[in-house]
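Peer 1: The structure file coords_5.pdb (PDB, C-alpha atoms and all ligand atoms) is provided below.
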MODEL        1
ATOM      1  CA  MET H   1      12.658 -11.891  -6.952
ATOM      2  CA  LYS H   2      13.744 -12.402  -3.332
ATOM      3  CA  GLN H   3      11.459  -9.984  -1.473
ATOM      4  CA  TYR H   4       8.850  -7.273  -1.971
ATOM      5  CA  LEU H   5       9.401  -4.552   0.591
ATOM      6  CA  THR H   6       8.992  -1.381  -1.464
ATOM      7  CA  ILE H   7       7.849  -0.411  -4.931
ATOM      8  CA  ASN H   8      11.574  -0.088  -5.763
ATOM      9  CA  ASP H   9      11.804  -3.896  -5.714
ATOM     10  CA  ILE H  10      10.044  -3.748  -9.112
ATOM     11  CA  ASP H  11      12.683  -3.780 -11.842
ATOM     12  CA  ASP H  12      10.422  -2.719 -14.742
ATOM     13  CA  LEU H  13       7.025  -1.306 -13.734
ATOM     14  CA  SER H  14       5.675  -1.112 -17.264
ATOM     15  CA  ALA H  15       6.476  -4.806 -17.882
ATOM     16  CA  TRP H  16       4.932  -5.769 -14.539
ATOM     17  CA  VAL H  17       1.712  -3.873 -15.359
ATOM     18  CA  LYS H  18       1.435  -5.706 -18.694
ATOM     19  CA  GLU H  19       2.074  -9.024 -16.925
ATOM     20  CA  GLY H  20      -0.528  -8.208 -14.257
ATOM     21  CA  ILE H  21      -3.154  -7.455 -16.899
ATOM     22  CA  GLU H  22      -2.358 -10.768 -18.660
ATOM     23  CA  LEU H  23      -2.453 -12.696 -15.359
ATOM     24  CA  LYS H  24      -5.940 -11.349 -14.711
ATOM     25  CA  LYS H  25      -7.239 -13.034 -17.883
ATOM     26  CA  ASN H  26      -6.345 -16.499 -16.561
ATOM     27  CA  PRO H  27      -5.532 -16.260 -12.841
ATOM     28  CA  LYS H  28      -5.180 -20.038 -12.264
ATOM     29  CA  GLN H  29      -2.615 -20.622 -15.029
ATOM     30  CA  PHE H  30       0.329 -20.806 -12.587
ATOM     31  CA  LYS H  31      -1.388 -22.989  -9.979
ATOM     32  CA  HIS H  32       1.495 -25.487 -10.103
ATOM     33  CA  LEU H  33       4.009 -22.874  -8.863
ATOM     34  CA  GLY H  34       2.718 -22.827  -5.296
ATOM     35  CA  GLN H  35       2.168 -26.541  -4.857
ATOM     36  CA  ASP H  36       3.472 -27.704  -1.439
ATOM     37  CA  LYS H  37       4.370 -24.117  -0.571
ATOM     38  CA  THR H  38       2.918 -22.190   2.378
ATOM     39  CA  ILE H  39       2.516 -18.467   2.898
ATOM     40  CA  GLY H  40       2.061 -16.984   6.363
ATOM     41  CA  LEU H  41       0.117 -13.725   6.497
ATOM     42  CA  LEU H  42       0.851 -11.875   9.736
ATOM     43  CA  PHE H  43      -1.398  -8.953  10.620
ATOM     44  CA  PHE H  44      -0.447  -6.482  13.321
ATOM     45  CA  ASN H  45      -3.351  -4.266  12.129
ATOM     46  CA  ASN H  46      -6.841  -4.562  10.653
ATOM     47  CA  SER H  47      -7.482  -5.326   7.006
ATOM     48  CA  LEU H  48     -10.194  -6.287   4.551
ATOM     49  CA  ARG H  49      -8.678  -6.064   1.065
ATOM     50  CA  THR H  50      -5.085  -6.960   1.825
ATOM     51  CA  ARG H  51      -6.060  -9.983   3.877
ATOM     52  CA  LEU H  52      -8.549 -11.432   1.397
ATOM     53  CA  SER H  53      -6.825 -10.466  -1.863
ATOM     54  CA  THR H  54      -3.451 -11.831  -0.746
ATOM     55  CA  GLN H  55      -5.117 -15.079   0.345
ATOM     56  CA  LYS H  56      -6.922 -15.275  -2.990
ATOM     57  CA  ALA H  57      -3.685 -14.603  -4.858
ATOM     58  CA  ALA H  58      -1.918 -17.398  -2.955
ATOM     59  CA  ILE H  59      -4.833 -19.787  -3.551
ATOM     60  CA  ASN H  60      -4.780 -18.953  -7.290
ATOM     61  CA  LEU H  61      -1.107 -19.972  -7.254
ATOM     62  CA  GLY H  62      -1.873 -23.265  -5.488
ATOM     63  CA  MET H  63      -0.331 -22.243  -2.140
ATOM     64  CA  ASP H  64      -1.472 -23.152   1.351
ATOM     65  CA  VAL H  65      -2.264 -20.095   3.439
ATOM     66  CA  MET H  66      -1.897 -19.494   7.175
ATOM     67  CA  VAL H  67      -3.223 -16.235   8.615
ATOM     68  CA  MET H  68      -2.447 -14.865  12.068
ATOM     69  CA  ASN H  69      -3.746 -11.683  13.669
ATOM     70  CA  PHE H  70      -0.399 -11.186  15.332
ATOM     71  CA  GLY H  71      -1.361  -7.900  16.963
ATOM     72  CA  SER H  72      -4.144  -9.492  19.023
ATOM     73  CA  GLU H  73      -3.177 -13.189  19.071
ATOM     74  CA  GLY H  74       0.629 -13.308  19.059
ATOM     75  CA  TRP H  75       3.031 -12.690  21.937
ATOM     76  CA  ALA H  76       4.114  -9.075  22.315
ATOM     77  CA  LEU H  77       7.421  -8.915  20.432
ATOM     78  CA  GLU H  78      10.685  -7.343  21.552
ATOM     79  CA  TYR H  79      12.767  -5.796  18.760
ATOM     80  CA  ALA H  80      15.757  -4.274  20.569
ATOM     81  CA  ASP H  81      18.940  -6.284  20.974
ATOM     82  CA  GLY H  82      20.318  -6.896  24.454
ATOM     83  CA  THR H  83      17.119  -5.854  26.258
ATOM     84  CA  VAL H  84      16.382  -7.242  29.697
ATOM     85  CA  MET H  85      12.887  -8.460  28.866
ATOM     86  CA  ASP H  86      11.326  -7.905  32.282
ATOM     87  CA  GLN H  87       8.609  -5.526  31.020
ATOM     88  CA  GLY H  88       5.703  -6.010  28.585
ATOM     89  CA  THR H  89       7.300  -7.974  25.752
ATOM     90  CA  SER H  90       7.222 -11.788  25.847
ATOM     91  CA  GLU H  91       9.119 -12.985  22.783
ATOM     92  CA  HIS H  92      12.060 -11.631  20.833
ATOM     93  CA  ILE H  93      11.773 -11.048  17.076
ATOM     94  CA  LYS H  94      14.864 -13.307  16.661
ATOM     95  CA  GLU H  95      13.124 -16.479  17.844
ATOM     96  CA  ALA H  96       9.680 -15.581  16.474
ATOM     97  CA  THR H  97      10.969 -14.978  12.946
ATOM     98  CA  GLN H  98      13.182 -18.065  12.845
ATOM     99  CA  VAL H  99      10.278 -20.205  14.083
ATOM    100  CA  ILE H 100       7.807 -18.799  11.525
ATOM    101  CA  SER H 101      10.425 -19.286   8.773
ATOM    102  CA  GLN H 102      10.288 -23.034   9.511
ATOM    103  CA  TYR H 103       6.521 -23.099   8.945
ATOM    104  CA  CYS H 104       6.326 -20.854   5.877
ATOM    105  CA  ASP H 105       8.002 -20.487   2.480
ATOM    106  CA  ILE H 106       6.991 -16.804   2.281
ATOM    107  CA  ILE H 107       6.077 -14.452   5.149
ATOM    108  CA  ALA H 108       3.866 -11.421   4.487
ATOM    109  CA  ILE H 109       3.526  -8.722   7.132
ATOM    110  CA  ARG H 110       1.213  -5.811   7.854
ATOM    111  CA  ALA H 111       2.512  -3.433  10.519
ATOM    112  CA  PHE H 112       1.346   0.196  10.387
ATOM    113  CA  ALA H 113       3.092   3.293  11.645
ATOM    114  CA  GLY H 114       2.370   4.138  15.281
ATOM    115  CA  LEU H 115       2.403   7.853  14.262
ATOM    116  CA  GLU H 116       3.929   8.902  17.591
ATOM    117  CA  ASP H 117       7.654   8.580  16.906
ATOM    118  CA  LYS H 118       8.760   9.451  13.369
ATOM    119  CA  GLU H 119      12.237   8.004  13.803
ATOM    120  CA  LYS H 120      10.870   4.698  15.116
ATOM    121  CA  ASP H 121       8.307   4.472  12.313
ATOM    122  CA  GLU H 122      10.908   5.234   9.661
ATOM    123  CA  ALA H 123      13.178   2.537  11.087
ATOM    124  CA  GLU H 124      10.433   0.018  10.130
ATOM    125  CA  GLU H 125      11.305  -2.158  13.120
ATOM    126  CA  VAL H 126       8.688  -4.850  12.440
ATOM    127  CA  LEU H 127       9.291  -5.241   8.699
ATOM    128  CA  ASN H 128      13.057  -4.886   9.031
ATOM    129  CA  GLY H 129      13.103  -7.177  12.062
ATOM    130  CA  PHE H 130      11.442  -9.911  10.033
ATOM    131  CA  LYS H 131      13.727  -9.195   7.098
ATOM    132  CA  LYS H 132      16.802  -9.462   9.320
ATOM    133  CA  TYR H 133      16.005 -12.791  10.951
ATOM    134  CA  ALA H 134      13.811 -14.615   8.395
ATOM    135  CA  SER H 135      15.305 -17.328   6.218
ATOM    136  CA  VAL H 136      12.431 -16.981   3.700
ATOM    137  CA  PRO H 137      11.254 -14.078   1.489
ATOM    138  CA  ILE H 138       9.285 -11.235   3.089
ATOM    139  CA  VAL H 139       6.367  -9.359   1.501
ATOM    140  CA  ASN H 140       5.192  -5.953   2.738
ATOM    141  CA  MET H 141       1.400  -5.856   3.157
ATOM    142  CA  GLU H 142       1.653  -2.203   4.393
ATOM    143  CA  SER H 143       4.363  -1.078   6.697
ATOM    144  CA  SER H 144       5.020   2.191   8.503
ATOM    145  CA  VAL H 145       6.099   4.031   5.370
ATOM    146  CA  GLY H 146       4.897   2.043   2.360
ATOM    147  CA  HIS H 147       2.071   0.035   0.828
ATOM    148  CA  PRO H 148       3.698  -1.361  -2.318
ATOM    149  CA  LEU H 149       1.024  -4.004  -3.028
ATOM    150  CA  GLN H 150      -1.555  -1.207  -3.188
ATOM    151  CA  ALA H 151       0.679   0.909  -5.424
ATOM    152  CA  LEU H 152       1.206  -1.993  -7.828
ATOM    153  CA  ALA H 153      -2.575  -2.577  -7.971
ATOM    154  CA  ASP H 154      -2.989   1.145  -8.685
ATOM    155  CA  ALA H 155      -0.419   0.944 -11.490
ATOM    156  CA  ILE H 156      -2.321  -2.000 -12.999
ATOM    157  CA  THR H 157      -5.580  -0.005 -12.733
ATOM    158  CA  LEU H 158      -4.002   3.001 -14.461
ATOM    159  CA  GLY H 159      -2.562   0.702 -17.141
ATOM    160  CA  GLU H 160      -5.972  -0.808 -17.834
ATOM    161  CA  GLN H 161      -7.898   2.447 -17.792
ATOM    162  CA  HIS H 162      -5.657   4.844 -19.690
ATOM    163  CA  LYS H 163      -5.269   4.271 -23.394
ATOM    164  CA  GLY H 164      -3.391   7.375 -24.618
ATOM    165  CA  ASP H 165      -0.042   8.721 -23.532
ATOM    166  CA  ARG H 166       0.964  10.868 -20.575
ATOM    167  CA  PRO H 167      -2.198  11.022 -18.465
ATOM    168  CA  LYS H 168      -2.499  13.770 -15.898
ATOM    169  CA  VAL H 169      -2.672  12.114 -12.471
ATOM    170  CA  VAL H 170      -3.344  14.087  -9.290
ATOM    171  CA  LEU H 171      -2.834  12.864  -5.733
ATOM    172  CA  SER H 172      -5.257  14.967  -3.697
ATOM    173  CA  TRP H 173      -5.218  15.132   0.110
ATOM    174  CA  ALA H 174      -8.636  14.929   1.788
ATOM    175  CA  PRO H 175      -9.849  15.569   5.328
ATOM    176  CA  HIS H 176     -10.277  12.746   7.854
ATOM    177  CA  PRO H 177     -11.140  12.800  11.552
ATOM    178  CA  LYS H 178      -8.429  10.309  12.524
ATOM    179  CA  ALA H 179      -4.669  10.419  12.093
ATOM    180  CA  LEU H 180      -3.814   8.159   9.168
ATOM    181  CA  PRO H 181      -0.370   6.925   8.071
ATOM    182  CA  HIS H 182       1.565   8.176   5.048
ATOM    183  CA  ALA H 183       2.189   4.714   3.571
ATOM    184  CA  VAL H 184      -0.374   4.681   0.738
ATOM    185  CA  ALA H 185       0.505   8.202  -0.409
ATOM    186  CA  ASN H 186       4.245   7.446  -0.213
ATOM    187  CA  SER H 187       4.055   4.300  -2.353
ATOM    188  CA  PHE H 188       1.662   5.924  -4.825
ATOM    189  CA  ILE H 189       4.128   8.808  -5.280
ATOM    190  CA  GLN H 190       7.058   6.395  -5.731
ATOM    191  CA  MET H 191       5.027   4.417  -8.263
ATOM    192  CA  MET H 192       4.030   7.566 -10.185
ATOM    193  CA  GLN H 193       7.681   8.635 -10.329
ATOM    194  CA  LYS H 194       8.236   5.515 -12.464
ATOM    195  CA  GLN H 195       5.366   6.388 -14.849
ATOM    196  CA  GLU H 196       5.217   8.458 -18.029
ATOM    197  CA  ALA H 197       2.630  10.907 -16.671
ATOM    198  CA  ASP H 198       2.016  14.490 -15.599
ATOM    199  CA  PHE H 199       1.866  13.925 -11.869
ATOM    200  CA  VAL H 200       0.788  16.568  -9.348
ATOM    201  CA  ILE H 201       0.401  16.321  -5.569
ATOM    202  CA  THR H 202      -2.077  18.704  -3.944
ATOM    203  CA  HIS H 203      -2.546  19.264  -0.229
ATOM    204  CA  PRO H 204      -3.097  22.150   2.198
ATOM    205  CA  LYS H 205       0.004  24.124   3.141
ATOM    206  CA  GLY H 206       1.764  22.352   6.001
ATOM    207  CA  TYR H 207       0.782  18.856   4.852
ATOM    208  CA  GLU H 208       3.994  18.234   2.884
ATOM    209  CA  LEU H 209       5.040  14.593   2.859
ATOM    210  CA  ASP H 210       8.563  13.245   3.397
ATOM    211  CA  PRO H 211      10.821  15.232   1.013
ATOM    212  CA  ASN H 212      12.943  12.097   0.508
ATOM    213  CA  ILE H 213       9.896  10.470  -1.088
ATOM    214  CA  VAL H 214       8.361  13.475  -2.854
ATOM    215  CA  LYS H 215      11.739  14.464  -4.356
ATOM    216  CA  ASP H 216      11.010  16.670  -7.372
ATOM    217  CA  SER H 217       7.369  15.624  -7.874
ATOM    218  CA  LYS H 218       5.226  18.701  -8.523
ATOM    219  CA  ILE H 219       3.263  20.134  -5.568
ATOM    220  CA  GLU H 220       0.357  22.560  -6.045
ATOM    221  CA  THR H 221      -1.390  23.716  -2.863
ATOM    222  CA  ASP H 222      -4.306  25.207  -4.833
ATOM    223  CA  GLN H 223      -6.489  22.112  -5.246
ATOM    224  CA  GLU H 224      -8.657  23.637  -8.000
ATOM    225  CA  LYS H 225      -5.591  24.516 -10.046
ATOM    226  CA  ALA H 226      -4.049  21.092  -9.479
ATOM    227  CA  LEU H 227      -7.220  19.322 -10.669
ATOM    228  CA  GLU H 228      -7.464  21.249 -13.965
ATOM    229  CA  GLY H 229      -7.480  18.782 -16.880
ATOM    230  CA  ALA H 230      -6.871  15.730 -14.674
ATOM    231  CA  ASP H 231      -7.481  12.257 -16.103
ATOM    232  CA  PHE H 232      -7.160  10.453 -12.755
ATOM    233  CA  VAL H 233      -7.552  11.818  -9.236
ATOM    234  CA  TYR H 234      -6.256   9.675  -6.379
ATOM    235  CA  VAL H 235      -7.836  10.924  -3.168
ATOM    236  CA  LYS H 236      -6.155  10.082   0.124
ATOM    237  CA  ASN H 237      -5.853  11.498   3.594
ATOM    238  CA  TRP H 238      -2.603  11.478   5.481
ATOM    239  CA  SER H 239      -1.775  12.980   8.861
ATOM    240  CA  ASN H 240       0.671  15.818   9.223
ATOM    241  CA  TYR H 241       4.232  14.704   8.524
ATOM    242  CA  LYS H 242       6.055  17.720   9.972
ATOM    243  CA  ASP H 243       3.879  17.909  13.104
ATOM    244  CA  TYR H 244       4.207  14.163  13.054
ATOM    245  CA  GLY H 245       1.023  12.105  13.243
ATOM    246  CA  LYS H 246      -1.216  15.063  14.148
ATOM    247  CA  VAL H 247      -4.514  16.085  12.516
ATOM    248  CA  THR H 248      -3.959  19.803  12.024
ATOM    249  CA  ASP H 249      -6.509  20.362   9.236
ATOM    250  CA  GLN H 250      -9.973  18.927   8.593
ATOM    251  CA  ASP H 251     -11.077  21.495   6.014
ATOM    252  CA  PRO H 252     -14.206  20.041   4.303
ATOM    253  CA  ASN H 253     -13.425  22.138   1.213
ATOM    254  CA  TRP H 254     -10.887  19.430   0.322
ATOM    255  CA  THR H 255     -13.560  16.665   0.147
ATOM    256  CA  MET H 256     -13.755  15.294  -3.425
ATOM    257  CA  THR H 257     -16.993  16.212  -5.212
ATOM    258  CA  LEU H 258     -18.171  15.631  -8.800
ATOM    259  CA  LYS H 259     -17.704  19.341  -9.551
ATOM    260  CA  LYS H 260     -14.054  19.166  -8.535
ATOM    261  CA  LEU H 261     -13.448  15.832 -10.239
ATOM    262  CA  GLY H 262     -14.651  17.124 -13.625
ATOM    263  CA  ASN H 263     -14.190  14.383 -16.218
ATOM    264  CA  ALA H 264     -11.477  12.583 -14.283
ATOM    265  CA  LYS H 265     -11.692   9.068 -12.841
ATOM    266  CA  LEU H 266     -11.611   8.715  -9.080
ATOM    267  CA  MET H 267      -9.121   6.446  -7.346
ATOM    268  CA  HIS H 268      -8.921   5.584  -3.632
ATOM    269  CA  CYS H 269      -7.346   2.605  -1.895
ATOM    270  CA  LEU H 270     -10.346   2.015   0.450
ATOM    271  CA  PRO H 271     -11.638   1.981   3.109
ATOM    272  CA  VAL H 272     -13.083   5.436   2.467
ATOM    273  CA  ARG H 273     -15.203   7.641   4.713
ATOM    274  CA  ARG H 274     -18.118   8.744   2.565
ATOM    275  CA  ASN H 275     -18.901  12.459   2.489
ATOM    276  CA  VAL H 276     -15.742  13.239   4.447
ATOM    277  CA  VAL H 277     -13.021  12.055   2.064
ATOM    278  CA  VAL H 278     -15.164  11.549  -1.061
ATOM    279  CA  ALA H 279     -18.800  12.542  -1.665
ATOM    280  CA  ASP H 280     -21.453   9.852  -2.275
ATOM    281  CA  GLU H 281     -22.124  11.336  -5.724
ATOM    282  CA  VAL H 282     -18.539  10.491  -6.752
ATOM    283  CA  LEU H 283     -18.273   7.036  -5.195
ATOM    284  CA  ASP H 284     -21.640   6.053  -6.691
ATOM    285  CA  SER H 285     -20.791   7.416 -10.133
ATOM    286  CA  GLU H 286     -19.294   5.626 -13.116
ATOM    287  CA  GLN H 287     -16.184   7.757 -12.663
ATOM    288  CA  SER H 288     -15.204   5.797  -9.566
ATOM    289  CA  LEU H 289     -12.527   3.100 -10.009
ATOM    290  CA  VAL H 290     -12.330   2.100  -6.352
ATOM    291  CA  ILE H 291     -13.925  -1.350  -6.756
ATOM    292  CA  GLU H 292     -11.688  -2.143  -9.733
ATOM    293  CA  GLN H 293      -8.638  -1.025  -7.757
ATOM    294  CA  ALA H 294      -9.609  -3.430  -4.970
ATOM    295  CA  ASN H 295     -10.062  -6.203  -7.544
ATOM    296  CA  ASN H 296      -6.566  -5.532  -8.840
ATOM    297  CA  ARG H 297      -5.151  -6.111  -5.356
ATOM    298  CA  THR H 298      -5.472  -9.838  -6.090
ATOM    299  CA  TYR H 299      -3.407  -9.579  -9.286
ATOM    300  CA  SER H 300      -0.849  -7.293  -7.726
ATOM    301  CA  ALA H 301      -0.275  -9.790  -4.898
ATOM    302  CA  GLN H 302      -0.341 -12.704  -7.330
ATOM    303  CA  LEU H 303       2.298 -11.119  -9.528
ATOM    304  CA  VAL H 304       4.589 -10.564  -6.538
ATOM    305  CA  LEU H 305       4.082 -14.091  -5.161
ATOM    306  CA  LYS H 306       4.569 -15.622  -8.606
ATOM    307  CA  LYS H 307       7.919 -13.872  -9.038
ATOM    308  CA  ILE H 308       9.041 -14.956  -5.575
ATOM    309  CA  LEU H 309       7.906 -18.563  -6.122
ATOM    310  CA  GLU H 310       9.784 -18.683  -9.431
ATOM    311  CA  ASN H 311      12.934 -17.809  -7.500
ATOM    312  CA  LEU H 312      12.552 -20.262  -4.581
TER     313      LEU H 312
HETATM  314  N1  LIG L   1      -6.395  -0.761   0.752
HETATM  315  C1  LIG L   1      -6.130  -1.613   1.755
HETATM  316  O1  LIG L   1      -4.967  -1.962   2.044
HETATM  317  O2  LIG L   1      -7.243  -2.112   2.358
HETATM  318  P1  LIG L   1      -7.245  -2.895   3.740
HETATM  319  O3  LIG L   1      -6.657  -1.993   4.780
HETATM  320  O4  LIG L   1      -8.701  -3.237   4.002
HETATM  321  O5  LIG L   1      -6.408  -4.127   3.591
ENDMDL
END
Take the structure I supplied and represent it as structure tokens, if you would.
Peer 2:
Amino acid sequence: MKQYLTINDIDDLSAWVKEGIELKKNPKQFKHLGQDKTIGLLFFNNSLRTRLSTQKAAINLGMDVMVMNFGSEGWALEYADGTVMDQGTSEHIKEATQVISQYCDIIAIRAFAGLEDKEKDEAEEVLNGFKKYASVPIVNMESSVGHPLQALADAITLGEQHKGDRPKVVLSWAPHPKALPHAVANSFIQMMQKQEADFVITHPKGYELDPNIVKDSKIETDQEKALEGADFVYVKNWSNYKDYGKVTDQDPNWTMTLKKLGNAKLMHCLPVRRNVVVADEVLDSEQSLVIEQANNRTYSAQLVLKKILENL
């Protein structure tokens, strides 16, 4: 594999899930693969899980790891070609990326959506800028529109937890006081479209996600109806997509409670705002898979890095 930018870079999700579950049994077995190889993790935004799990994955593979909080420590980057750089930006993406490519064998990037300009966010200027000028593989650690490492970890979690066929999986919007990106929901939807499952998205009217991502996935705006008979409920807030980046609904009736969850397992990517997004009673119950999902972030990242290292 040459890069991991979206969940569509996975050729066979079912095979990857099986491989991820096997990798978890003996995480150090491919330690030779990363010997004398360096990964650079560049963060334009905050992180707990992505930062630590990707480092752990690289360490398990024998890699050296360099981490930079680019957003606060790096020079402000210019992305446009031909710009007279006499304003706020100090370094062009062309030089920055070529320089980092000399130091690293793989570059991983986290750069969230700004949520002010839909067109700019969808152009993925940071991720695509690195992709354009890097001479080494690029890994997406959450970009404006996708979080494919999270979605792969979620697929591994579903693969471990569900033993029968065709589970019912519901992606349920939840309220949140801040405007959050669409990336986690987008990649989860794209991942579920590759699964043998009854998949339903539920959200208040007006909170429709990008139709190019949702495609023909089922939408049910009655949350109670959507949750009927669910095996897994993935709870996630996202800001309004049509009224781009705005918080137009904070209805607490959408908060996930044990009554709503029924017998289903709870999934959430974390961090989660307790008693706003999900009630304490759910997060503290045995129905919650959130800690296991976070654990699987290591094996998701390790699987991706392993496949890239095998191709270097
Ligand atoms: N789920 C996730 O990506 O967590 P962090 O933002 O803490 O990395």
Peer 1: Mind running stretch 23-108 of chain H against stretch 137-144 of chain H at 6 Å and telling me each contacting residue's nearest atom pair with the distance in Å (one decimal), counting all atoms listed in the file, chain and number ascending, as CSV?
Peer 2:
residue,atom,partner,partner_atom,distance
H:Ile106,CA,H:Pro137,CA,5.1
H:Ile107,CA,H:Ile138,CA,5.0
H:Ala108,CA,H:Val139,CA,4.4
Peer 1: Centre and edge lengths of an axis-aligned box around all listed atoms of ligand LIG 1 (chain L), with 4 Å added on each side, are to be given in Å to one decimal, as AutoDock Vina command-line options.
Peer 2:
--center_x -6.8 --center_y -2.4 --center_z 2.8 --size_x 11.7 --size_y 11.4 --size_z 12.0
Peer 1: Of the residues H:Ala179, H:Ala185, H:Ala134, H:Met66, which is the one nearest to H:Thr248, using only C-alpha atoms?
Peer 2: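 Result for the nearest residue to H:Thr248: H:Ala179.
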Peer 1: Interatomic distance between atom CA of H:Leu258 and atom CA of H:Val233?
Peer 2: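 Value for the atom CA of H:Leu258-atom CA of H:Val233 distance: 11.3 Å.
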Peer 1: As a quick test: using all atoms listed in the file, which residues lie no more than 6 Å away from ligand LIG 1 (chain L)? Give them as a ChimeraX atom specification.
Peer 2: /H:47-51,269-270
Peer 1: Using only C-alpha atoms, can you tell me which of H:Lys118, H:His268, H:Lys18, H:His32 comes closest to H:Lys306?
Peer 2: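 Result for the nearest residue to H:Lys306: H:His32.
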Peer 1: Name the residues captured by the PyMOL selection byres (((chain H and resi 246) around 12) and not hetatm) when it is applied to the shown file; answer as a list of chain:residue names.
Peer 2: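 Those residues are H:Gly114, H:Leu115, H:Glu116, H:Asp117, H:Lys118, H:His176, H:Pro177, H:Lys178, H:Ala179, H:Leu180, H:Pro181, H:His182, H:Gly206, H:Tyr207, H:Trp238, H:Ser239, H:Asn240, H:Tyr241, H:Lys242, H:Asp243, H:Tyr244, H:Gly245, H:Val247, H:Thr248, H:Asp249, H:Gln250.
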Peer 1: Go through H:Phe30, H:Tyr4, H:Tyr79, H:Trp173 one by one, measure the shortest atom-to-atom distance of each to H:Ala123 using all atoms listed in the file, and give the residue with the smallest value.
Peer 2: H:Tyr79
Peer 1: Rounded to one decimal place, report the atom CA of H:Phe199-atom CA of H:Arg273 distance in Å.
Peer 2: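 Interatomic distance, atom CA of H:Phe199 to atom CA of H:Arg273: 24.6 Å.
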Peer 1: What gap, in Å, lies between atom CA of H:Ile100 and atom CA of H:Leu41?
Peer 2: 10.5 Å
Peer 1: For the file shown, what are the residues hit by the PyMOL selection byres (((chain H and resi 38) around 8) and not hetatm), laid out as a ChimeraX atom specification?
Peer 2: /H:34,36-37,39-40,63-66,103-106
Peer 1: I'd like the contact shell of H:Glu220 - 12 Å cut-off, all atoms listed in the file, skipping same-chain residues fewer than 4 positions apart - returned as an NGL selection string.
Peer 2: :H and (170-173 or 199-205 or 207-208 or 224-228)
Peer 1: Which residue gives the smallest distance to H:Ala76 among H:Thr54, H:Asp280, H:Val126, H:Ala174, with all atoms listed in the file counted?
Peer 2: H:Val126
Peer 1: Using all atoms listed in the file, which of H:Ser53, H:Ser135, H:Ser187, H:Asn128 sits nearest H:Leu312?
Peer 2: H:Ser135
Peer 1: Compare H:Phe112, H:Trp254, H:Tyr133, H:Tyr234 by their minimum atom-to-atom distance to H:Ala151, counting all atoms listed in the file, and give me the closest one.
Peer 2: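 Distance minimum relative to H:Ala151 lands on H:Tyr234.
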Peer 1: Once the PyMOL selection byres (((chain H and resi 20) around 7) and not hetatm) has been applied to the shown file, what residues remain in the selection, as a PDB file with C-alpha atoms, in the frame of the given file?
Peer 2:
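Writing the result to selection-v3.pdb gives the following:
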ATOM      1  CA  TRP H  16       4.932  -5.769 -14.539  1.00  0.00           C
ATOM      2  CA  VAL H  17       1.712  -3.873 -15.359  1.00  0.00           C
ATOM      3  CA  LYS H  18       1.435  -5.706 -18.694  1.00  0.00           C
ATOM      4  CA  GLU H  19       2.074  -9.024 -16.925  1.00  0.00           C
ATOM      5  CA  ILE H  21      -3.154  -7.455 -16.899  1.00  0.00           C
ATOM      6  CA  GLU H  22      -2.358 -10.768 -18.660  1.00  0.00           C
ATOM      7  CA  LEU H  23      -2.453 -12.696 -15.359  1.00  0.00           C
ATOM      8  CA  LYS H  24      -5.940 -11.349 -14.711  1.00  0.00           C
ATOM      9  CA  ILE H 156      -2.321  -2.000 -12.999  1.00  0.00           C
ATOM     10  CA  TYR H 299      -3.407  -9.579  -9.286  1.00  0.00           C
ATOM     11  CA  SER H 300      -0.849  -7.293  -7.726  1.00  0.00           C
ATOM     12  CA  LEU H 303       2.298 -11.119  -9.528  1.00  0.00           C
TER      13      LEU H 303
END
Peer 1: Counting all atoms listed in the file, find residues at most 12 Å from (-16.9, 14.2, -8.2) (file frame) and give them as a ChimeraX atom specification.
Peer 2: /H:227,232-235,254-267,275,277-288
Peer 1: Would you list the contacts of H:Phe70 as an MDAnalysis selection string, taking every protein, DNA or RNA residue within 9 Å and counting only C-alpha atoms, but skipping same-chain residues closer than 3 positions in sequence?
Peer 2: chainID H and resid 42:45 67 73:76
